[in-house]
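Here is coords.csv, consisting of CSV, N, CA and C atoms:
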```csv
chain,number,residue,atom,x,y,z
X,1,MET,N,59.9,-7.0,63.9
X,1,MET,CA,61.3,-6.9,64.3
X,1,MET,C,62.1,-6.4,63.1
X,2,HIS,N,63.0,-5.5,63.3
X,2,HIS,CA,63.8,-5.0,62.2
X,2,HIS,C,65.1,-5.8,62.0
X,3,ASN,N,65.4,-6.0,60.8
X,3,ASN,CA,66.7,-6.8,60.5
X,3,ASN,C,67.9,-5.8,60.6
X,4,VAL,N,69.1,-6.3,60.6
X,4,VAL,CA,70.3,-5.6,60.8
X,4,VAL,C,70.4,-4.5,59.8
X,5,ASP,N,70.1,-4.8,58.5
X,5,ASP,CA,70.2,-3.8,57.4
X,5,ASP,C,69.3,-2.6,57.6
X,6,SER,N,68.1,-2.9,58.0
X,6,SER,CA,67.2,-1.7,58.2
X,6,SER,C,67.6,-0.9,59.4
X,7,ILE,N,68.1,-1.5,60.4
X,7,ILE,CA,68.6,-0.7,61.6
X,7,ILE,C,69.8,0.1,61.2
X,8,SER,N,70.7,-0.5,60.4
X,8,SER,CA,71.8,0.3,59.9
X,8,SER,C,71.4,1.4,59.0
X,9,TYR,N,70.4,1.2,58.2
X,9,TYR,CA,69.9,2.2,57.3
X,9,TYR,C,69.3,3.4,58.1
X,10,TYR,N,68.6,3.1,59.1
X,10,TYR,CA,68.0,4.2,59.9
X,10,TYR,C,69.1,4.9,60.7
X,11,LYS,N,70.1,4.2,61.2
X,11,LYS,CA,71.2,4.9,61.8
X,11,LYS,C,71.9,5.8,60.9
X,12,ASN,N,72.1,5.4,59.6
X,12,ASN,CA,72.8,6.2,58.6
X,12,ASN,C,71.9,7.5,58.3
X,13,ILE,N,70.6,7.3,58.3
X,13,ILE,CA,69.7,8.5,58.1
X,13,ILE,C,69.9,9.5,59.2
X,14,LEU,N,69.9,8.9,60.4
X,14,LEU,CA,70.1,9.8,61.6
X,14,LEU,C,71.4,10.6,61.5
X,15,ILE,N,72.5,9.9,61.1
X,15,ILE,CA,73.8,10.5,60.9
X,15,ILE,C,73.7,11.6,59.9
X,16,PHE,N,73.0,11.3,58.7
X,16,PHE,CA,72.9,12.3,57.7
X,16,PHE,C,72.1,13.5,58.2
X,17,LEU,N,71.0,13.3,58.9
X,17,LEU,CA,70.3,14.4,59.5
X,17,LEU,C,71.1,15.2,60.4
X,18,ARG,N,71.9,14.6,61.2
X,18,ARG,CA,72.8,15.3,62.1
X,18,ARG,C,73.8,16.1,61.4
X,19,MET,N,74.3,15.6,60.3
X,19,MET,CA,75.3,16.3,59.4
X,19,MET,C,74.6,17.5,58.8
X,20,LEU,N,73.4,17.4,58.4
X,20,LEU,CA,72.6,18.5,57.8
X,20,LEU,C,72.4,19.6,58.9
X,21,GLU,N,72.1,19.1,60.1
X,21,GLU,CA,71.8,20.1,61.2
X,21,GLU,C,73.0,20.9,61.5
X,22,CYS,N,74.2,20.2,61.5
X,22,CYS,CA,75.4,20.9,61.8
X,22,CYS,C,75.8,21.9,60.7
X,23,SER,N,75.6,21.5,59.4
X,23,SER,CA,76.1,22.3,58.3
X,23,SER,C,75.1,23.4,57.8
X,24,VAL,N,73.9,23.3,58.3
X,24,VAL,CA,72.9,24.3,57.9
X,24,VAL,C,72.3,24.9,59.1
X,25,ASN,N,72.0,26.2,59.0
X,25,ASN,CA,71.3,26.9,60.1
X,25,ASN,C,70.0,26.2,60.4
X,26,ILE,N,69.7,26.0,61.6
X,26,ILE,CA,68.5,25.3,62.0
X,26,ILE,C,67.2,25.9,61.4
X,27,LYS,N,67.1,27.2,61.2
X,27,LYS,CA,65.9,27.7,60.7
X,27,LYS,C,65.8,27.4,59.2
X,28,ASN,N,66.9,27.0,58.5
X,28,ASN,CA,66.9,26.7,57.1
X,28,ASN,C,66.8,25.1,56.9
X,29,MET,N,66.7,24.4,58.0
X,29,MET,CA,66.6,23.0,58.0
X,29,MET,C,65.4,22.5,57.3
X,30,LYS,N,65.5,21.5,56.4
X,30,LYS,CA,64.4,21.0,55.7
X,30,LYS,C,63.5,20.2,56.7
X,31,THR,N,62.2,20.2,56.4
X,31,THR,CA,61.3,19.5,57.2
X,31,THR,C,61.4,18.0,56.9
X,32,ALA,N,60.9,17.2,57.8
X,32,ALA,CA,60.9,15.7,57.6
X,32,ALA,C,60.3,15.3,56.3
X,33,LYS,N,59.2,16.0,55.9
X,33,LYS,CA,58.5,15.7,54.7
X,33,LYS,C,59.4,16.0,53.5
X,34,GLN,N,60.1,17.1,53.5
X,34,GLN,CA,61.0,17.5,52.4
X,34,GLN,C,62.1,16.5,52.3
X,35,LEU,N,62.7,16.1,53.4
X,35,LEU,CA,63.8,15.1,53.4
X,35,LEU,C,63.3,13.7,52.9
X,36,GLU,N,62.1,13.4,53.2
X,36,GLU,CA,61.5,12.1,52.7
X,36,GLU,C,61.5,12.1,51.2
X,37,ARG,N,61.2,13.3,50.6
X,37,ARG,CA,61.2,13.4,49.1
X,37,ARG,C,62.6,13.0,48.5
X,38,TYR,N,63.7,13.4,49.2
X,38,TYR,CA,65.0,13.1,48.7
X,38,TYR,C,65.3,11.6,48.8
X,39,PHE,N,65.0,11.1,50.0
X,39,PHE,CA,65.3,9.7,50.3
X,39,PHE,C,64.4,8.8,49.4
X,40,LYS,N,63.2,9.1,49.2
X,40,LYS,CA,62.3,8.2,48.3
X,40,LYS,C,62.8,8.3,46.9
X,41,GLY,N,63.2,9.5,46.5
X,41,GLY,CA,63.6,9.7,45.1
X,41,GLY,C,64.9,8.9,44.8
X,42,SER,N,65.7,8.6,45.8
X,42,SER,CA,66.9,7.8,45.5
X,42,SER,C,66.8,6.4,46.0
X,43,ALA,N,65.6,6.0,46.4
X,43,ALA,CA,65.5,4.6,47.0
X,43,ALA,C,65.4,3.5,45.9
X,44,ASN,N,66.4,3.4,45.1
X,44,ASN,CA,66.5,2.4,44.1
X,44,ASN,C,68.0,2.3,43.6
X,45,HIS,N,68.5,1.1,43.5
X,45,HIS,CA,69.9,1.0,43.1
X,45,HIS,C,70.3,1.6,41.8
X,46,ARG,N,69.3,1.6,40.8
X,46,ARG,CA,69.6,2.2,39.5
X,46,ARG,C,69.7,3.7,39.7
X,47,ARG,N,68.8,4.3,40.5
X,47,ARG,CA,68.9,5.7,40.7
X,47,ARG,C,70.2,6.2,41.4
X,48,ILE,N,70.6,5.4,42.3
X,48,ILE,CA,71.9,5.7,42.9
X,48,ILE,C,73.0,5.6,41.9
X,49,GLU,N,73.0,4.6,41.1
X,49,GLU,CA,74.0,4.4,40.0
X,49,GLU,C,73.9,5.7,39.1
X,50,ILE,N,72.7,6.1,38.7
X,50,ILE,CA,72.6,7.3,37.9
X,50,ILE,C,73.2,8.5,38.6
X,51,LEU,N,72.9,8.7,39.8
X,51,LEU,CA,73.5,9.9,40.6
X,51,LEU,C,75.0,9.8,40.5
X,52,LEU,N,75.6,8.7,40.8
X,52,LEU,CA,77.0,8.5,40.8
X,52,LEU,C,77.6,8.8,39.4
X,53,LEU,N,76.9,8.3,38.4
X,53,LEU,CA,77.4,8.6,37.0
X,53,LEU,C,77.4,10.0,36.6
X,54,VAL,N,76.3,10.7,37.0
X,54,VAL,CA,76.1,12.1,36.6
X,54,VAL,C,77.1,12.9,37.4
X,55,ASN,N,77.4,12.5,38.7
X,55,ASN,CA,78.4,13.2,39.5
X,55,ASN,C,79.7,13.3,38.8
X,56,GLY,N,80.1,12.3,38.1
X,56,GLY,CA,81.4,12.3,37.5
X,56,GLY,C,81.5,13.0,36.1
X,57,SER,N,80.4,13.7,35.8
X,57,SER,CA,80.3,14.3,34.4
X,57,SER,C,79.8,15.7,34.5
X,58,GLU,N,80.0,16.5,33.5
X,58,GLU,CA,79.6,17.9,33.4
X,58,GLU,C,78.1,17.9,33.1
X,59,GLY,N,77.5,16.9,32.5
X,59,GLY,CA,76.1,16.9,32.1
X,59,GLY,C,76.0,15.7,31.1
X,60,VAL,N,75.0,14.9,31.3
X,60,VAL,CA,75.0,13.7,30.5
X,60,VAL,C,73.6,13.5,29.9
X,61,SER,N,73.5,12.8,28.8
X,61,SER,CA,72.2,12.6,28.1
X,61,SER,C,71.6,11.2,28.6
X,62,LEU,N,70.4,11.1,28.4
X,62,LEU,CA,69.7,9.8,28.7
X,62,LEU,C,70.3,8.6,28.0
X,63,ASP,N,70.6,8.9,26.7
X,63,ASP,CA,71.2,7.8,25.9
X,63,ASP,C,72.6,7.4,26.4
X,64,TRP,N,73.4,8.4,26.9
X,64,TRP,CA,74.7,8.1,27.4
X,64,TRP,C,74.6,7.2,28.7
X,65,ILE,N,73.6,7.7,29.6
X,65,ILE,CA,73.4,6.9,30.8
X,65,ILE,C,73.0,5.5,30.6
X,66,SER,N,72.0,5.3,29.6
X,66,SER,CA,71.5,4.0,29.4
X,66,SER,C,72.6,3.1,28.8
X,67,LYS,N,73.5,3.6,27.9
X,67,LYS,CA,74.6,2.8,27.4
X,67,LYS,C,75.6,2.5,28.5
X,68,LYS,N,75.9,3.5,29.3
X,68,LYS,CA,76.9,3.2,30.4
X,68,LYS,C,76.4,2.1,31.4
X,69,LEU,N,75.1,2.2,31.7
X,69,LEU,CA,74.5,1.2,32.7
X,69,LEU,C,74.0,-0.1,32.0
X,70,GLY,N,74.0,-0.1,30.7
X,70,GLY,CA,73.5,-1.2,30.0
X,70,GLY,C,72.0,-1.5,30.2
X,71,CYS,N,71.2,-0.4,30.3
X,71,CYS,CA,69.8,-0.5,30.6
X,71,CYS,C,69.0,0.1,29.4
X,72,ASN,N,67.7,-0.3,29.5
X,72,ASN,CA,66.7,0.2,28.5
X,72,ASN,C,66.6,1.7,28.6
X,73,PHE,N,66.5,2.4,27.5
X,73,PHE,CA,66.3,3.9,27.5
X,73,PHE,C,65.1,4.4,28.3
X,74,LYS,N,64.0,3.7,28.1
X,74,LYS,CA,62.7,4.0,28.8
X,74,LYS,C,62.9,3.9,30.3
X,75,THR,N,63.6,2.8,30.7
X,75,THR,CA,63.8,2.6,32.2
X,75,THR,C,64.6,3.7,32.8
X,76,ILE,N,65.7,4.1,32.1
X,76,ILE,CA,66.5,5.2,32.6
X,76,ILE,C,65.7,6.5,32.6
X,77,SER,N,64.9,6.7,31.6
X,77,SER,CA,64.1,7.9,31.5
X,77,SER,C,63.2,8.0,32.7
X,78,GLN,N,62.6,6.9,33.1
X,78,GLN,CA,61.7,6.9,34.3
X,78,GLN,C,62.5,7.2,35.6
X,79,HIS,N,63.6,6.6,35.7
X,79,HIS,CA,64.4,6.8,36.9
X,79,HIS,C,64.9,8.3,37.0
X,80,THR,N,65.4,8.8,35.9
X,80,THR,CA,65.8,10.2,35.9
X,80,THR,C,64.7,11.2,36.2
X,81,ARG,N,63.5,10.8,35.7
X,81,ARG,CA,62.3,11.7,35.9
X,81,ARG,C,62.0,11.7,37.4
X,82,ARG,N,62.1,10.6,38.1
X,82,ARG,CA,61.9,10.5,39.5
X,82,ARG,C,63.0,11.3,40.3
X,83,LEU,N,64.2,11.2,39.8
X,83,LEU,CA,65.3,12.0,40.5
X,83,LEU,C,65.1,13.5,40.3
X,84,VAL,N,64.6,13.9,39.1
X,84,VAL,CA,64.3,15.3,38.9
X,84,VAL,C,63.2,15.7,39.8
X,85,GLN,N,62.1,14.9,39.9
X,85,GLN,CA,61.0,15.2,40.8
X,85,GLN,C,61.4,15.4,42.3
X,86,ALA,N,62.4,14.5,42.6
X,86,ALA,CA,62.9,14.5,44.0
X,86,ALA,C,63.8,15.7,44.3
X,87,GLY,N,64.2,16.4,43.2
X,87,GLY,CA,65.1,17.6,43.4
X,87,GLY,C,66.6,17.2,43.4
X,88,LEU,N,66.9,16.0,43.0
X,88,LEU,CA,68.3,15.6,43.1
X,88,LEU,C,69.1,15.8,41.7
X,89,LEU,N,68.3,15.8,40.6
X,89,LEU,CA,68.9,16.1,39.3
X,89,LEU,C,68.2,17.3,38.7
X,90,ASN,N,69.0,18.0,37.9
X,90,ASN,CA,68.4,19.1,37.0
X,90,ASN,C,68.5,18.6,35.6
X,91,LYS,N,67.5,19.0,34.8
X,91,LYS,CA,67.5,18.7,33.4
X,91,LYS,C,67.3,19.9,32.5
X,92,LYS,N,68.0,19.9,31.4
X,92,LYS,CA,67.8,21.0,30.4
X,92,LYS,C,67.8,20.4,29.0
X,93,TYR,N,67.1,21.0,28.2
X,93,TYR,CA,66.9,20.5,26.8
X,93,TYR,C,68.0,21.2,25.9
X,94,LYS,N,68.7,20.3,25.2
X,94,LYS,CA,69.7,20.8,24.2
X,94,LYS,C,69.3,20.2,22.9
X,95,GLY,N,68.6,20.9,22.1
X,95,GLY,CA,68.1,20.3,20.8
X,95,GLY,C,67.1,19.2,21.2
X,96,ARG,N,67.3,18.0,20.6
X,96,ARG,CA,66.5,16.9,20.9
X,96,ARG,C,66.9,16.1,22.1
X,97,GLU,N,68.0,16.4,22.7
X,97,GLU,CA,68.5,15.7,23.9
X,97,GLU,C,68.1,16.4,25.2
X,98,VAL,N,68.1,15.6,26.2
X,98,VAL,CA,67.8,16.1,27.5
X,98,VAL,C,69.1,15.8,28.3
X,99,ILE,N,69.7,16.9,28.8
X,99,ILE,CA,71.0,16.8,29.5
X,99,ILE,C,70.7,16.9,31.0
X,100,HIS,N,71.3,16.0,31.8
X,100,HIS,CA,71.1,15.9,33.3
X,100,HIS,C,72.4,16.3,34.0
X,101,THR,N,72.2,17.1,35.0
X,101,THR,CA,73.3,17.5,35.9
X,101,THR,C,72.8,17.3,37.4
X,102,LEU,N,73.7,17.2,38.3
X,102,LEU,CA,73.3,17.2,39.7
X,102,LEU,C,72.8,18.5,40.2
X,103,SER,N,71.8,18.5,41.0
X,103,SER,CA,71.3,19.7,41.6
X,103,SER,C,72.2,20.0,42.8
X,104,PRO,N,72.1,21.1,43.5
X,104,PRO,CA,72.9,21.3,44.7
X,104,PRO,C,72.5,20.2,45.8
X,105,TYR,N,71.2,19.9,45.9
X,105,TYR,CA,70.9,18.8,46.8
X,105,TYR,C,71.4,17.4,46.4
X,106,GLY,N,71.5,17.2,45.1
X,106,GLY,CA,72.0,16.0,44.5
X,106,GLY,C,73.5,15.9,44.9
X,107,LYS,N,74.2,17.0,44.9
X,107,LYS,CA,75.7,17.0,45.3
X,107,LYS,C,75.8,16.7,46.7
X,108,ARG,N,74.9,17.3,47.5
X,108,ARG,CA,75.0,17.0,49.0
X,108,ARG,C,74.6,15.5,49.2
X,109,PHE,N,73.7,15.0,48.5
X,109,PHE,CA,73.3,13.6,48.6
X,109,PHE,C,74.4,12.7,48.3
X,110,ILE,N,75.2,13.0,47.2
X,110,ILE,CA,76.3,12.2,46.8
X,110,ILE,C,77.4,12.2,48.0
X,111,SER,N,77.6,13.4,48.6
X,111,SER,CA,78.5,13.4,49.7
X,111,SER,C,78.0,12.5,50.8
X,112,PHE,N,76.7,12.5,51.1
X,112,PHE,CA,76.2,11.6,52.1
X,112,PHE,C,76.4,10.1,51.7
X,113,ILE,N,76.1,9.8,50.4
X,113,ILE,CA,76.3,8.4,50.0
X,113,ILE,C,77.7,7.9,50.2
X,114,LYS,N,78.7,8.8,49.9
X,114,LYS,CA,80.1,8.4,50.0
X,114,LYS,C,80.5,8.2,51.5
X,115,THR,N,79.7,8.5,52.5
X,115,THR,CA,80.1,8.3,53.9
X,115,THR,C,79.9,6.8,54.3
X,116,PHE,N,79.2,6.0,53.4
X,116,PHE,CA,79.0,4.6,53.8
X,116,PHE,C,80.2,3.8,53.4
```
Kindly transcribe the structure held in the file into structure tokens.
Amino acid sequence: MHNVDSISYYKNILIFLRMLECSVNIKNMKTAKQLERYFKGSANHRRIEILLLVNGSEGVSLDWISKKLGCNFKTISQHTRRLVQAGLLNKKYKGREVIHTLSPYGKRFISFIKTF
């Protein structure tokens, strides 16, 4: 039996999928497997915090993110790696630093998060 939180979670996913369906041509619609990648990539409170932090900036380093969140550098590095793999963050190298920005899908995901 599902608890209230998981039912609410699935309802919100359905709302998000309907929003995507309305805003994107059906033939350009992502498959369920592709959408799963985005949801799994963000399925952690730290990753959501990282997305929200990056959203408010032009591009941020791992060091900056770890200081802002008060977390270990290696932990933040792993979370951002998963967000990049999920297609929600972009990264580029600037000297010895790695700068992160939101991808187009990351921006759409932030819009979705703000509907809650």
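For the pair CA of Lys33 (chain X) and CA of Ile7 (chain X), the separation is 20.5 Å.
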If we count only C-alpha atoms, what is near Lys114 (chain X) at a cut-off of 10 Å, once residues fewer than 4 positions away on the same chain are taken out, given as a PDB file with N, CA and C atoms, keeping the file's coordinate frame?
```pdb
ATOM      1  N   LEU X  52      75.600   8.700  40.800  1.00  0.00           N
ATOM      2  CA  LEU X  52      77.000   8.500  40.800  1.00  0.00           C
ATOM      3  C   LEU X  52      77.600   8.800  39.400  1.00  0.00           C
ATOM      4  N   PHE X 109      73.700  15.000  48.500  1.00  0.00           N
ATOM      5  CA  PHE X 109      73.300  13.600  48.600  1.00  0.00           C
ATOM      6  C   PHE X 109      74.400  12.700  48.300  1.00  0.00           C
ATOM      7  N   ILE X 110      75.200  13.000  47.200  1.00  0.00           N
ATOM      8  CA  ILE X 110      76.300  12.200  46.800  1.00  0.00           C
ATOM      9  C   ILE X 110      77.400  12.200  48.000  1.00  0.00           C
TER      10      ILE X 110
END
```
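Separating CA of Ala32 (chain X) from CA of Lys91 (chain X) is a distance of 25.3 Å.
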> Could you name the residues that touch Ser42 (chain X) at 7 Å or less, counting only N, CA and C atoms, but leaving out those on the same chain fewer than 3 positions away, as number ranges by chain?
Replying inline: X: 37-39, 45, 47-48, 82-83, 86
>> Going by DSSP on the backbone, which residues of chain X come out as helix (DSSP H, G or I)? List them as an MDAnalysis selection string.
In response: chainID X and resid 4:23 26:28 32:41 45:55 62:69 73:85 104:113
>> Among chain X, which residues does DSSP mark as strand (DSSP E or B) when it is run on the backbone? Keep the chain and numbering as in the structure and answer as a list in words.
In response: Val60, Ser61, Leu89, Asn90, Lys91, Lys92, Tyr93, Lys94, Glu97, Val98, Ile99, His100, Thr101 and Leu102 of chain X
>> What's the separation between CA of Asn55 (chain X) and CA of Lys107 (chain X), in Å to one decimal place?
In response: 7.4 Å
